[in-house]
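This is work.cif. It holds mmCIF, C-alpha atoms and all ligand atoms.
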data_run
loop_
_atom_site.label_atom_id
_atom_site.label_comp_id
_atom_site.auth_asym_id
_atom_site.auth_seq_id
_atom_site.Cartn_x
_atom_site.Cartn_y
_atom_site.Cartn_z
CA MET A 696 125.28 -67.68 100.67
CA SER A 697 123.96 -69.52 103.63
CA ASP A 698 120.42 -69.09 104.86
CA PRO A 699 120.60 -66.15 107.28
CA ARG A 700 117.31 -66.87 108.99
CA PRO A 701 117.13 -68.57 112.34
CA GLU A 702 116.19 -72.21 112.06
CA ALA A 703 113.46 -71.76 114.64
CA ALA A 704 111.62 -69.34 112.41
CA VAL A 705 111.75 -71.76 109.53
CA THR A 706 110.54 -74.78 111.45
CA SER A 707 107.71 -72.77 112.98
CA LEU A 708 105.99 -72.72 109.62
CA GLU A 709 106.02 -76.49 109.52
CA SER A 710 104.56 -76.71 112.98
CA VAL A 711 101.42 -74.70 112.27
CA PRO A 712 98.85 -77.49 112.43
CA GLY A 713 95.96 -75.38 111.16
CA LEU A 714 97.55 -75.06 107.79
CA LEU A 715 97.59 -78.82 107.46
CA LEU A 716 100.24 -78.34 104.87
CA SER A 717 103.77 -79.44 105.02
CA ARG A 718 106.37 -76.87 104.21
CA ARG A 719 106.90 -78.72 100.97
CA SER A 720 103.23 -78.55 100.07
CA ILE A 721 103.07 -74.87 100.92
CA LEU A 722 105.95 -74.30 98.60
CA ARG A 723 104.27 -76.40 95.95
CA ALA A 724 101.18 -74.22 96.36
CA GLY A 725 103.44 -71.22 96.11
CA ALA A 726 104.91 -72.49 92.89
CA VAL A 727 101.43 -72.75 91.44
CA THR A 728 100.66 -69.18 92.39
CA GLY A 729 103.75 -67.86 90.74
CA THR A 730 104.87 -64.48 91.98
CA GLY A 731 102.00 -63.93 94.41
CA LEU A 732 102.50 -62.28 97.72
CA VAL A 733 102.12 -65.26 100.01
CA ALA A 734 104.04 -67.38 97.57
CA THR A 735 106.83 -64.87 97.67
CA ALA A 736 106.85 -64.70 101.43
CA LEU A 737 106.55 -68.41 102.00
CA ALA A 738 109.20 -69.06 99.44
CA ALA A 739 111.49 -67.57 102.01
CA CYS A 740 111.31 -71.02 103.59
CA ALA A 741 113.24 -72.48 100.69
CA PRO A 742 116.92 -72.99 101.23
CA ALA A 743 118.70 -69.97 99.89
CA ALA A 744 120.58 -70.76 96.74
CA ALA A 745 122.75 -68.22 95.06
CA GLY A 746 120.11 -65.50 95.33
CA PRO A 747 121.10 -62.10 96.62
CA ASN A 748 120.29 -60.92 100.09
CA TRP A 749 118.06 -57.86 99.76
CA THR A 750 119.70 -54.65 100.70
CA TYR A 751 117.45 -52.18 98.96
CA ARG A 752 115.93 -49.44 101.03
CA PRO A 753 115.32 -45.74 100.44
CA GLU A 754 118.23 -43.36 100.33
CA ALA A 755 119.30 -42.08 103.69
CA SER A 756 118.34 -38.55 102.67
CA SER A 757 114.78 -39.64 102.00
CA PRO A 758 112.24 -38.50 104.58
CA VAL A 759 111.19 -42.12 104.92
CA ALA A 760 114.65 -43.49 105.40
CA ALA A 761 114.27 -43.81 109.15
CA ALA A 762 113.94 -47.43 110.12
CA PRO A 763 110.36 -48.44 110.88
CA THR A 764 109.67 -49.60 114.39
CA SER A 765 108.25 -52.83 113.10
CA PRO A 766 108.20 -54.58 109.76
CA SER A 767 104.60 -53.65 109.20
CA ASP A 768 104.21 -50.04 110.22
CA ASP A 769 106.20 -48.28 107.58
CA HIS A 770 103.52 -48.12 104.94
CA ALA A 771 102.20 -44.69 105.74
CA GLY A 772 105.18 -42.85 104.39
CA HIS A 773 107.04 -45.43 102.42
CA SER A 774 106.74 -45.86 98.70
CA ALA A 775 106.95 -49.50 97.77
CA THR A 776 108.21 -48.59 94.34
CA PRO A 777 111.96 -48.86 94.15
CA THR A 778 113.22 -45.57 92.80
CA SER A 779 116.83 -46.50 92.49
CA ALA A 780 119.11 -49.45 92.15
CA PRO A 781 119.97 -51.31 95.34
CA ALA A 782 121.86 -48.84 97.43
CA ALA A 783 125.60 -49.13 97.22
CA SER A 784 125.95 -46.36 99.75
CA ALA A 785 127.04 -47.33 103.22
CA SER A 786 124.88 -44.58 104.71
CA ALA A 787 121.81 -46.79 105.00
CA SER A 788 122.11 -49.99 106.93
CA PRO A 789 121.17 -53.06 104.89
CA VAL A 790 117.90 -54.72 105.67
CA ASP A 791 117.32 -58.43 105.32
CA HIS A 792 114.16 -58.34 103.27
CA ASP A 793 113.58 -62.07 103.60
CA ALA A 794 113.92 -62.08 107.36
CA ALA A 795 111.57 -59.12 107.77
CA ALA A 796 109.01 -60.60 105.36
CA LEU A 797 109.18 -63.98 107.06
CA ALA A 798 108.77 -62.45 110.51
CA VAL A 799 105.52 -60.74 109.59
CA VAL A 800 104.16 -63.89 107.91
CA LYS A 801 105.00 -65.84 111.03
CA ARG A 802 102.96 -63.39 113.11
CA PHE A 803 100.00 -64.04 110.77
CA LEU A 804 100.42 -67.81 110.97
CA ASP A 805 100.66 -67.59 114.73
CA GLY A 806 97.16 -66.11 114.78
CA GLU A 807 97.92 -62.56 115.81
CA GLY A 808 94.37 -61.40 115.06
CA ALA A 809 92.95 -63.71 117.70
CA THR A 810 95.13 -62.17 120.38
CA LEU A 811 93.62 -58.70 120.03
CA GLU A 812 90.76 -57.42 122.16
CA GLY A 813 87.73 -55.73 120.69
CA ALA A 814 86.91 -57.78 117.61
CA GLY A 815 84.40 -55.95 115.46
CA ASN A 816 81.67 -57.12 113.14
CA GLN A 817 80.13 -59.31 115.81
CA PRO A 818 76.39 -60.02 115.49
CA ILE A 819 74.05 -57.98 117.66
CA ARG A 820 70.76 -59.41 118.83
CA PRO A 821 67.74 -57.12 118.73
CA ARG A 822 65.11 -56.69 121.40
CA LEU A 823 61.63 -57.37 120.07
CA GLU A 824 59.23 -54.55 120.88
CA GLY A 825 55.77 -54.22 119.38
CA GLY A 826 56.78 -55.96 116.18
CA ALA A 827 59.98 -53.96 115.78
CA LYS A 828 63.54 -55.21 116.06
CA VAL A 829 65.18 -52.76 118.43
CA PHE A 830 68.95 -52.26 118.38
CA GLU A 831 70.49 -50.25 121.22
CA MET A 832 73.65 -48.58 120.02
CA THR A 833 76.18 -46.25 121.60
CA ILE A 834 78.66 -44.04 119.78
CA ASP A 835 81.94 -44.05 121.64
CA ALA A 836 85.54 -42.91 121.61
CA ILE A 837 87.61 -46.08 121.80
CA LYS A 838 91.16 -47.34 121.80
CA HIS A 839 91.65 -49.66 118.86
CA ARG A 840 94.50 -51.93 117.78
CA ILE A 841 95.37 -52.34 114.11
CA ASP A 842 97.81 -55.11 115.03
CA ALA A 843 99.71 -56.33 118.06
CA ALA A 844 102.89 -54.38 117.36
CA LYS A 845 101.48 -50.90 116.99
CA ASP A 846 100.23 -48.85 119.91
CA PRO A 847 96.44 -48.60 120.29
CA ILE A 848 95.02 -45.63 118.44
CA ASP A 849 92.29 -43.16 119.33
CA ALA A 850 89.38 -44.35 117.23
CA LEU A 851 85.58 -44.27 117.24
CA GLY A 852 83.17 -47.17 117.43
CA TYR A 853 79.52 -48.08 117.61
CA ASN A 854 79.05 -50.14 120.78
CA GLY A 855 82.78 -49.88 121.27
CA THR A 856 84.08 -51.70 118.20
CA TRP A 857 85.46 -51.02 114.72
CA PRO A 858 83.79 -52.29 112.60
CA ALA A 859 80.53 -51.84 114.44
CA PRO A 860 78.35 -54.79 115.41
CA ARG A 861 76.91 -56.50 112.35
CA ILE A 862 73.18 -55.83 112.15
CA GLU A 863 71.31 -58.58 110.35
CA VAL A 864 67.58 -58.51 109.68
CA THR A 865 65.10 -59.96 107.24
CA GLU A 866 63.48 -58.10 104.39
CA GLY A 867 60.23 -56.61 105.69
CA ASP A 868 61.39 -56.28 109.29
CA THR A 869 60.72 -53.04 111.11
CA VAL A 870 64.10 -51.81 112.35
CA ARG A 871 64.37 -49.40 115.28
CA ALA A 872 67.97 -48.40 115.94
CA VAL A 873 68.57 -46.10 118.90
CA PHE A 874 71.92 -44.32 118.84
CA LYS A 875 73.22 -42.62 121.99
CA ASN A 876 76.02 -40.17 121.27
CA ASN A 877 78.73 -40.49 123.92
CA LEU A 878 81.21 -38.46 121.88
CA ALA A 879 82.33 -34.91 122.58
CA GLU A 880 81.22 -34.01 119.05
CA SER A 881 77.95 -34.16 117.12
CA THR A 882 77.18 -36.88 114.60
CA GLY A 883 74.51 -38.52 112.44
CA VAL A 884 73.96 -42.09 111.24
CA HIS A 885 73.11 -43.12 107.69
CA PHE A 886 71.90 -46.59 106.68
CA HIS A 887 73.75 -46.80 103.38
CA GLY A 888 71.95 -48.62 100.59
CA GLN A 889 68.54 -48.78 102.24
CA ARG A 890 65.48 -47.18 100.70
CA LEU A 891 64.48 -45.08 103.68
CA PRO A 892 61.81 -42.59 104.69
CA ASN A 893 63.48 -39.27 104.00
CA ASN A 894 63.47 -38.16 107.62
CA MET A 895 65.38 -41.35 108.53
CA ASP A 896 68.18 -40.74 106.02
CA GLY A 897 70.61 -39.54 108.67
CA VAL A 898 72.14 -36.48 107.02
CA PRO A 899 72.50 -33.65 109.54
CA HIS A 900 71.16 -30.26 108.39
CA ILE A 901 69.40 -31.99 105.47
CA THR A 902 67.03 -34.48 107.08
CA GLN A 903 67.67 -34.01 110.80
CA ASP A 904 69.55 -31.97 113.35
CA PRO A 905 72.96 -33.31 114.35
CA ILE A 906 72.90 -35.71 117.27
CA GLU A 907 74.58 -33.56 119.89
CA PRO A 908 76.90 -34.96 122.58
CA GLY A 909 74.81 -36.75 125.19
CA ASP A 910 71.71 -36.91 122.96
CA SER A 911 70.09 -39.89 121.25
CA PHE A 912 68.34 -40.35 117.94
CA THR A 913 66.07 -43.19 116.90
CA TYR A 914 66.10 -44.40 113.30
CA GLU A 915 63.05 -46.45 112.39
CA PHE A 916 62.26 -47.93 109.00
CA VAL A 917 61.14 -51.08 107.24
CA ALA A 918 64.10 -52.97 105.77
CA ARG A 919 62.89 -53.20 102.21
CA THR A 920 66.19 -53.43 100.30
CA PRO A 921 67.68 -56.91 100.71
CA GLY A 922 71.38 -57.58 100.36
CA SER A 923 74.71 -56.23 101.62
CA HIS A 924 74.51 -52.74 103.06
CA MET A 925 76.28 -50.59 105.64
CA TYR A 926 75.69 -48.02 108.33
CA HIS A 927 78.05 -45.19 109.06
CA SER A 928 78.45 -41.60 110.19
CA HIS A 929 77.21 -38.98 107.74
CA HIS A 930 78.57 -36.02 109.72
CA ASN A 931 82.18 -34.89 109.62
CA ALA A 932 82.34 -38.17 107.76
CA THR A 933 85.89 -38.06 106.41
CA ASP A 934 87.06 -38.00 109.98
CA GLN A 935 84.34 -40.02 111.72
CA VAL A 936 84.07 -42.87 109.21
CA GLY A 937 87.82 -42.81 108.75
CA ARG A 938 88.19 -43.34 112.49
CA GLY A 939 85.83 -46.30 112.65
CA LEU A 940 82.14 -45.29 112.66
CA LEU A 941 81.14 -47.97 110.14
CA GLY A 942 79.47 -51.34 110.14
CA ALA A 943 77.64 -53.95 108.09
CA PHE A 944 73.87 -53.98 107.69
CA ILE A 945 72.73 -57.25 106.12
CA VAL A 946 69.14 -57.68 104.98
CA GLN A 947 68.40 -61.32 104.21
CA PRO A 948 65.84 -61.86 101.45
CA LYS A 949 62.37 -62.71 102.66
CA ASP A 950 62.28 -65.79 100.42
CA PRO A 951 64.73 -68.33 101.92
CA ALA A 952 65.40 -69.67 98.41
CA ASP A 953 67.21 -66.41 97.63
CA ARG A 954 69.64 -66.70 100.56
CA TYR A 955 73.19 -67.58 99.66
CA ASP A 956 73.12 -70.88 101.57
CA ARG A 957 70.13 -72.07 99.54
CA LYS A 958 70.92 -70.34 96.27
CA TYR A 959 74.62 -71.15 96.04
CA GLY A 960 75.16 -73.74 98.78
CA VAL A 961 77.52 -71.53 100.76
CA SER A 962 78.55 -72.66 104.23
CA GLN A 963 80.32 -69.43 105.23
CA ASP A 964 79.09 -65.93 104.63
CA ILE A 965 81.91 -63.49 105.20
CA VAL A 966 81.76 -59.73 105.64
CA TRP A 967 84.87 -57.86 104.52
CA ILE A 968 84.80 -54.11 105.22
CA SER A 969 87.81 -52.14 104.11
CA ASN A 970 88.97 -48.75 105.29
CA ASP A 971 92.01 -46.68 104.41
CA SER A 972 92.22 -43.73 106.76
CA LEU A 973 93.21 -43.91 110.41
CA GLY A 974 95.46 -46.91 110.97
CA GLY A 975 96.31 -47.30 107.29
CA PHE A 976 94.90 -50.01 105.06
CA THR A 977 92.57 -52.30 106.97
CA ILE A 978 90.19 -55.21 106.54
CA ASN A 979 87.58 -55.30 109.28
CA GLY A 980 89.60 -52.87 111.34
CA ARG A 981 92.87 -54.80 111.25
CA GLY A 982 95.96 -54.67 109.12
CA PHE A 983 98.10 -57.67 108.14
CA PRO A 984 99.39 -59.63 110.02
CA ALA A 985 96.42 -59.16 112.37
CA THR A 986 93.84 -59.67 109.61
CA SER A 987 91.67 -62.75 109.95
CA PRO A 988 92.47 -65.67 107.65
CA ILE A 989 89.62 -67.49 105.96
CA LEU A 990 89.60 -71.22 106.54
CA ALA A 991 87.69 -73.61 104.27
CA TYR A 992 87.67 -77.23 103.19
CA VAL A 993 88.18 -78.55 99.70
CA GLY A 994 84.76 -78.66 98.10
CA GLU A 995 83.30 -75.96 100.33
CA THR A 996 81.56 -72.96 98.80
CA ILE A 997 81.82 -69.62 100.58
CA ALA A 998 80.44 -66.11 100.08
CA ILE A 999 82.35 -62.90 100.65
CA ARG A 1000 80.66 -59.51 100.86
CA PHE A 1001 83.20 -56.81 100.04
CA MET A 1002 82.26 -53.43 101.48
CA ASN A 1003 84.38 -50.31 101.00
CA GLU A 1004 84.11 -47.65 103.70
CA GLY A 1005 87.36 -45.97 102.66
CA SER A 1006 88.13 -43.17 100.27
CA MET A 1007 90.06 -45.19 97.67
CA MET A 1008 89.23 -48.00 95.27
CA HIS A 1009 90.66 -51.39 96.23
CA PRO A 1010 91.01 -54.22 93.67
CA TRP A 1011 90.68 -57.45 95.66
CA HIS A 1012 92.71 -60.25 94.15
CA LEU A 1013 92.37 -63.91 95.06
CA HIS A 1014 95.14 -66.31 94.06
CA GLY A 1015 94.43 -69.77 92.78
CA MET A 1016 90.77 -69.65 91.79
CA PRO A 1017 88.14 -67.29 90.47
CA MET A 1018 85.41 -65.45 92.29
CA LYS A 1019 81.88 -65.50 90.92
CA VAL A 1020 80.40 -62.03 91.28
CA VAL A 1021 76.69 -62.29 92.05
CA ALA A 1022 75.53 -58.94 93.45
CA ARG A 1023 76.44 -55.28 93.52
CA ASP A 1024 75.18 -52.94 96.23
CA GLY A 1025 72.77 -55.62 97.37
CA TYR A 1026 71.16 -56.05 93.95
CA PRO A 1027 71.58 -59.48 92.30
CA LEU A 1028 73.35 -59.28 88.95
CA PRO A 1029 71.31 -60.39 85.95
CA ALA A 1030 74.39 -62.29 84.72
CA PRO A 1031 76.97 -63.29 87.34
CA PHE A 1032 80.55 -63.26 86.06
CA LEU A 1033 83.90 -64.76 86.97
CA CYS A 1034 87.02 -62.77 87.82
CA ASP A 1035 90.09 -63.01 90.03
CA THR A 1036 90.49 -59.27 90.68
CA LEU A 1037 87.49 -57.15 91.63
CA GLY A 1038 87.70 -53.40 92.05
CA VAL A 1039 85.50 -52.13 94.86
CA ASN A 1040 84.95 -48.38 94.88
CA PRO A 1041 84.19 -46.33 98.00
CA GLY A 1042 80.63 -46.97 99.11
CA GLU A 1043 80.19 -50.06 96.96
CA ARG A 1044 79.31 -53.57 98.10
CA TRP A 1045 80.09 -56.56 95.89
CA ASP A 1046 79.11 -60.11 96.80
CA VAL A 1047 81.15 -63.02 95.44
CA ILE A 1048 80.88 -66.80 95.64
CA ILE A 1049 84.06 -68.90 95.78
CA ASP A 1050 84.26 -72.62 95.09
CA CYS A 1051 87.19 -73.77 97.21
CA ALA A 1052 88.58 -76.38 94.86
CA ASP A 1053 92.32 -76.57 95.43
CA PRO A 1054 94.09 -77.03 98.76
CA GLY A 1055 96.70 -74.52 99.76
CA ALA A 1056 97.31 -71.19 101.41
CA TRP A 1057 96.10 -68.71 98.82
CA ALA A 1058 97.00 -65.07 99.11
CA PHE A 1059 94.04 -62.71 99.08
CA HIS A 1060 94.93 -59.04 98.94
CA CYS A 1061 94.38 -55.60 97.49
CA HIS A 1062 96.33 -55.43 94.26
CA ILE A 1063 97.31 -51.80 94.63
CA LEU A 1064 100.66 -53.04 95.86
CA PRO A 1065 101.47 -50.04 98.09
CA HIS A 1066 98.37 -51.12 100.07
CA ALA A 1067 99.75 -54.62 100.60
CA GLU A 1068 103.49 -55.13 100.47
CA GLY A 1069 106.62 -53.10 100.97
CA HIS A 1070 110.30 -53.79 101.22
CA ASP A 1071 109.88 -55.25 104.72
CA GLY A 1072 107.10 -57.60 103.70
CA MET A 1073 103.34 -57.59 103.63
CA PHE A 1074 101.10 -55.22 105.57
CA GLY A 1075 97.62 -53.75 105.43
CA MET A 1076 95.12 -55.25 103.01
CA VAL A 1077 96.34 -58.82 102.97
CA THR A 1078 94.94 -62.08 104.24
CA ALA A 1079 94.85 -65.69 103.03
CA LEU A 1080 92.23 -68.21 102.02
CA VAL A 1081 93.48 -71.46 103.51
CA ILE A 1082 91.81 -74.46 101.88
CA GLN A 1083 92.26 -77.78 103.61
CA ASP A 1084 91.71 -81.34 102.52
CA PRO A 1085 88.84 -82.60 104.74
CA ALA A 1086 90.54 -85.88 105.61
CA THR A 1087 93.73 -84.18 106.67
CA ALA A 1088 91.75 -81.58 108.54
CA ALA A 1089 89.83 -84.28 110.41
CA ALA A 1090 93.06 -85.95 111.40
CA THR A 1091 94.39 -82.70 112.75
CA LEU A 1092 91.19 -81.92 114.60
CA ALA A 1093 91.51 -85.27 116.33
CA SER A 1094 95.06 -84.59 117.34
CA ALA A 1095 96.26 -83.03 120.55
CA ASP A 1096 97.46 -80.01 118.61
CA GLN A 1097 94.01 -78.81 117.74
CA PRO A 1098 93.28 -76.73 120.86
CA THR A 1099 96.33 -74.64 120.13
CA ASP A 1100 95.81 -74.44 116.40
CA PRO A 1101 96.57 -70.74 115.91
CA ILE A 1102 95.46 -70.26 112.34
CA ARG A 1103 92.10 -71.81 113.17
CA SER A 1104 91.80 -69.61 116.24
CA ALA A 1105 92.64 -66.60 114.12
CA ALA A 1106 90.01 -67.53 111.58
CA LEU A 1107 87.29 -68.23 114.09
CA ALA A 1108 87.99 -65.75 116.85
CA GLY A 1109 90.16 -62.88 115.74
CA GLY A 1110 87.49 -60.68 114.33
CA SER A 1111 85.86 -63.69 112.80
CA THR A 1112 83.78 -62.53 109.91
CA SER A 1113 81.97 -65.63 108.83
CA PHE A 1114 78.41 -66.47 109.68
CA LEU A 1115 75.72 -68.71 108.35
CA CYS A 1116 73.23 -66.85 106.23
CA ARG A 1117 70.15 -68.14 107.91
CA VAL A 1118 67.06 -66.05 108.06
CA PRO A 1119 66.41 -65.46 111.74
CA GLY A 1120 63.36 -67.35 112.90
CA THR A 1121 63.36 -69.89 110.09
CA VAL A 1122 64.54 -73.46 110.21
CA GLY A 1123 67.20 -74.94 108.00
CU CU A 1201 93.90 -51.09 98.14
#
So, in terms of structure tokens, how does the structure I just supplied come out?
Ligand SMILES: [Cu+2]
Amino acid sequence: MSDPRPEAAVTSLESVPGLLLSRRSILRAGAVTGTGLVATALAACAPAAAGPNWTYRPEASSPVAAAPTSPSDDHAGHSATPTSAPAASASASPVDHDAAALAVVKRFLDGEGATLEGAGNQPIRPRLEGGAKVFEMTIDAIKHRIDAAKDPIDALGYNGTWPAPRIEVTEGDTVRAVFKNNLAESTGVHFHGQRLPNNMDGVPHITQDPIEPGDSFTYEFVARTPGSHMYHSHHNATDQVGRGLLGAFIVQPKDPADRYDRKYGVSQDIVWISNDSLGGFTINGRGFPATSPILAYVGETIAIRFMNEGSMMHPWHLHGMPMKVVARDGYPLPAPFLCDTLGVNPGERWDVIIDCADPGAWAFHCHILPHAEGHDGMFGMVTALVIQDPATAAATLASADQPTDPIRSAALAGGSTSFLCRVPGTVG
């Protein structure tokens, strides 16, 4: 059977300069990763041999048999588990699985995340007032895009984004966060993981009255629990958190020696908040192919802070190399351990350190497969750790292609999640 895919789609993978990988080397990386998701999708670049063209799809009588409007938006109702042999019936039109899977990967490689407005998880600078770090926050109804193909959805956001701005302070700081409720409904804000004065705990009818529409509430406390934490609605929370009222609250240790840059030599500190309600399965408010790739050099060490604001457990699986787990819920582990799949329950935060040893495009995804890949390719909780050889990367950076390097743009701009873990106000 001849390769049914358009040649242009195939060559586009070779022309992505940010990957700094030839098609052959991508495939070699794919061979190393075995049956992994990216390997599977990228293997679509290989000339088709005698393999079958995929025709499986649900029976026409199935409620999910209607064709999705895009390769990536069928996950809400579609079971990824084949329940029958490839359909011999002529009632359902055959779908070219490879073409659909390749198309969605191409959108990722073209940097779809960077094209979307309203990137969340951006740092917010406080105003200093009488020794307190003051954060002015609004609570808003917003339009939010999960990816470029789906219509914007009616969501909620702090300061207009999902995830909310990333609040980063130092252990011992006095935090004063003023929340103005611009919603048509009441709410409350909880700083999850902090040891708080009880009246600052943010649970309506328990520790405070709800923040009514048009009203404000000021949360003030000393940040005394270092590590990876969150802030989110604690009122009508299934709906409000599910629709986007969630964000990262990072408390850097007072002793600079305990920061991840000093302690582990990390050069990127990445926040990764998952959700699984409105908009399906998301990482930092986006679903694949609009998720942000992570870009690193061979020899670089990076940190990832997994945070789960959803209502399901998600086992994060990194191809190609292990993750060293160093903290849970902000508390350093007495004995860090290695793994390649790490289950993160709702409400939990797990911090991992990754030594980026081997070049390649390594799939990084939730391993509950219905959260990550269906018959039309990958969606939802999928991204890639792209590790580049420094010399090759330098050559590319010096080339004329660099300004239009889409994967780099996606990594750095499209909801970029990495930041240097410097304690504000300290040097080095
Ligand atoms: Cu999952």
Please give me, as number ranges by chain, the residues lying within 6 Å of ligand CU 1201 (chain A) when counting all atoms listed in the file. A: 1009, 1061, 1063, 1066
For range 904-986 of chain A versus range 866-870 of chain A, which residues have an atom no more than 10 Å away, and what is each residue's nearest atom pair and distance in Å rounded to one decimal, using only C-alpha atoms, chain-then-number order, as CSV?
residue,atom,partner,partner_atom,distance
A:Thr913,CA,A:Val870,CA,9.9
A:Tyr914,CA,A:Val870,CA,7.7
A:Glu915,CA,A:Val870,CA,5.5
A:Phe916,CA,A:Val870,CA,5.4
A:Val917,CA,A:Thr869,CA,4.4
A:Ala918,CA,A:Gly867,CA,5.3
A:Arg919,CA,A:Glu866,CA,5.4
A:Thr920,CA,A:Glu866,CA,6.8
A:Pro921,CA,A:Glu866,CA,5.7
A:Gly922,CA,A:Glu866,CA,8.9
A:Ile945,CA,A:Glu866,CA,9.4
A:Val946,CA,A:Glu866,CA,5.7
A:Gln947,CA,A:Glu866,CA,5.9
A:Pro948,CA,A:Glu866,CA,5.3
A:Lys949,CA,A:Glu866,CA,5.0
A:Asp950,CA,A:Glu866,CA,8.7
Take the residues from that selection and put them in a file with C-alpha atoms, as a CSV table (one decimal), in the coordinates of the input.
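Once everything was written out, this is part-v3.csv:
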chain,number,residue,atom,x,y,z
A,913,THR,CA,66.1,-43.2,116.9
A,914,TYR,CA,66.1,-44.4,113.3
A,915,GLU,CA,63.0,-46.4,112.4
A,916,PHE,CA,62.3,-47.9,109.0
A,917,VAL,CA,61.1,-51.1,107.2
A,918,ALA,CA,64.1,-53.0,105.8
A,919,ARG,CA,62.9,-53.2,102.2
A,920,THR,CA,66.2,-53.4,100.3
A,921,PRO,CA,67.7,-56.9,100.7
A,922,GLY,CA,71.4,-57.6,100.4
A,945,ILE,CA,72.7,-57.2,106.1
A,946,VAL,CA,69.1,-57.7,105.0
A,947,GLN,CA,68.4,-61.3,104.2
A,948,PRO,CA,65.8,-61.9,101.4
A,949,LYS,CA,62.4,-62.7,102.7
A,950,ASP,CA,62.3,-65.8,100.4
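Among A:Glu995, A:Asp793, A:Asp910, A:Glu1068, the residue with the shortest atom-to-atom distance to Thr833 in chain A, counting only C-alpha atoms, is A:Asp910.
Relative to CA of His900 in chain A, CA of Ala872 in chain A is found at 19.9 Å.
Picture a line from CA of Trp1011 in chain A to CA of His930 in chain A; it runs 28.3 Å.
Within 6 Å of the point (71.6, -38.7, 106.6) in file coordinates, and counting only C-alpha atoms, lie the residues His885, Asp896, Gly897, Val898, Pro899 and His929 of chain A.
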How would the residues just picked look written out with C-alpha atoms as a PDB file, keeping the file's coordinate frame?
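part.pdb was written with the following content:
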ATOM      1  CA  HIS A 885      73.110 -43.120 107.690  1.00  0.00           C
ATOM      2  CA  ASP A 896      68.180 -40.740 106.020  1.00  0.00           C
ATOM      3  CA  GLY A 897      70.610 -39.540 108.670  1.00  0.00           C
ATOM      4  CA  VAL A 898      72.140 -36.480 107.020  1.00  0.00           C
ATOM      5  CA  PRO A 899      72.500 -33.650 109.540  1.00  0.00           C
ATOM      6  CA  HIS A 929      77.210 -38.980 107.740  1.00  0.00           C
TER       7      HIS A 929
END
Neighbour residues at most 9 Å from (74.9, -52.9, 110.5) (only C-alpha atoms) as a compact mmCIF listing (two decimals) with C-alpha atoms, in the coordinates of the input:
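The result, stored in point-v9.txt:
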# COMPACT_ATOMS: atom_id res chain seq x y z
CA ASN A 816 81.67 -57.12 113.14
CA PRO A 818 76.39 -60.02 115.49
CA ILE A 819 74.05 -57.98 117.66
CA ALA A 859 80.53 -51.84 114.44
CA PRO A 860 78.35 -54.79 115.41
CA ARG A 861 76.91 -56.50 112.35
CA ILE A 862 73.18 -55.83 112.15
CA GLU A 863 71.31 -58.58 110.35
CA PHE A 886 71.90 -46.59 106.68
CA HIS A 924 74.51 -52.74 103.06
CA MET A 925 76.28 -50.59 105.64
CA TYR A 926 75.69 -48.02 108.33
CA HIS A 927 78.05 -45.19 109.06
CA LEU A 941 81.14 -47.97 110.14
CA GLY A 942 79.47 -51.34 110.14
CA ALA A 943 77.64 -53.95 108.09
CA PHE A 944 73.87 -53.98 107.69
CA ILE A 945 72.73 -57.25 106.12
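Considering all atoms listed in the file, the residue among A:Asp842, A:Asp956, A:Glu907, A:Asp849 positioned nearest to Asp934 in chain A is A:Asp849.
Atom to atom, CA of Met1002 in chain A and CA of Phe874 in chain A stand 22.2 Å apart.
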Using only C-alpha atoms, determine which residues lie at most 12 Å from range 1017-1033 of chain A, disregarding the query and same-chain residues fewer than 3 positions distant; provide the list as a PyMOL selection string. chain A and resi 866+887-890+919-925+943-948+953-955+958-959+996-1003+1011-1014+1036-1053+1057+1059
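Minimum atom-to-atom distance to Pro847 in chain A, evaluated using all atoms listed in the file, belongs to A:Leu973 out of A:Leu973, A:Ala1067, A:Val799, A:Ala932.
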Of the candidates A:Leu1080, A:Leu811, A:Cys1034, A:Met895, which one gets nearest to Ala844 in chain A if we count all atoms listed in the file? A:Leu811
Residue with the minimum atom-to-atom distance to Val966 in chain A, picked from A:Gln903, A:Ala985, A:Pro858, A:His792 with all atoms listed in the file counted, is A:Pro858
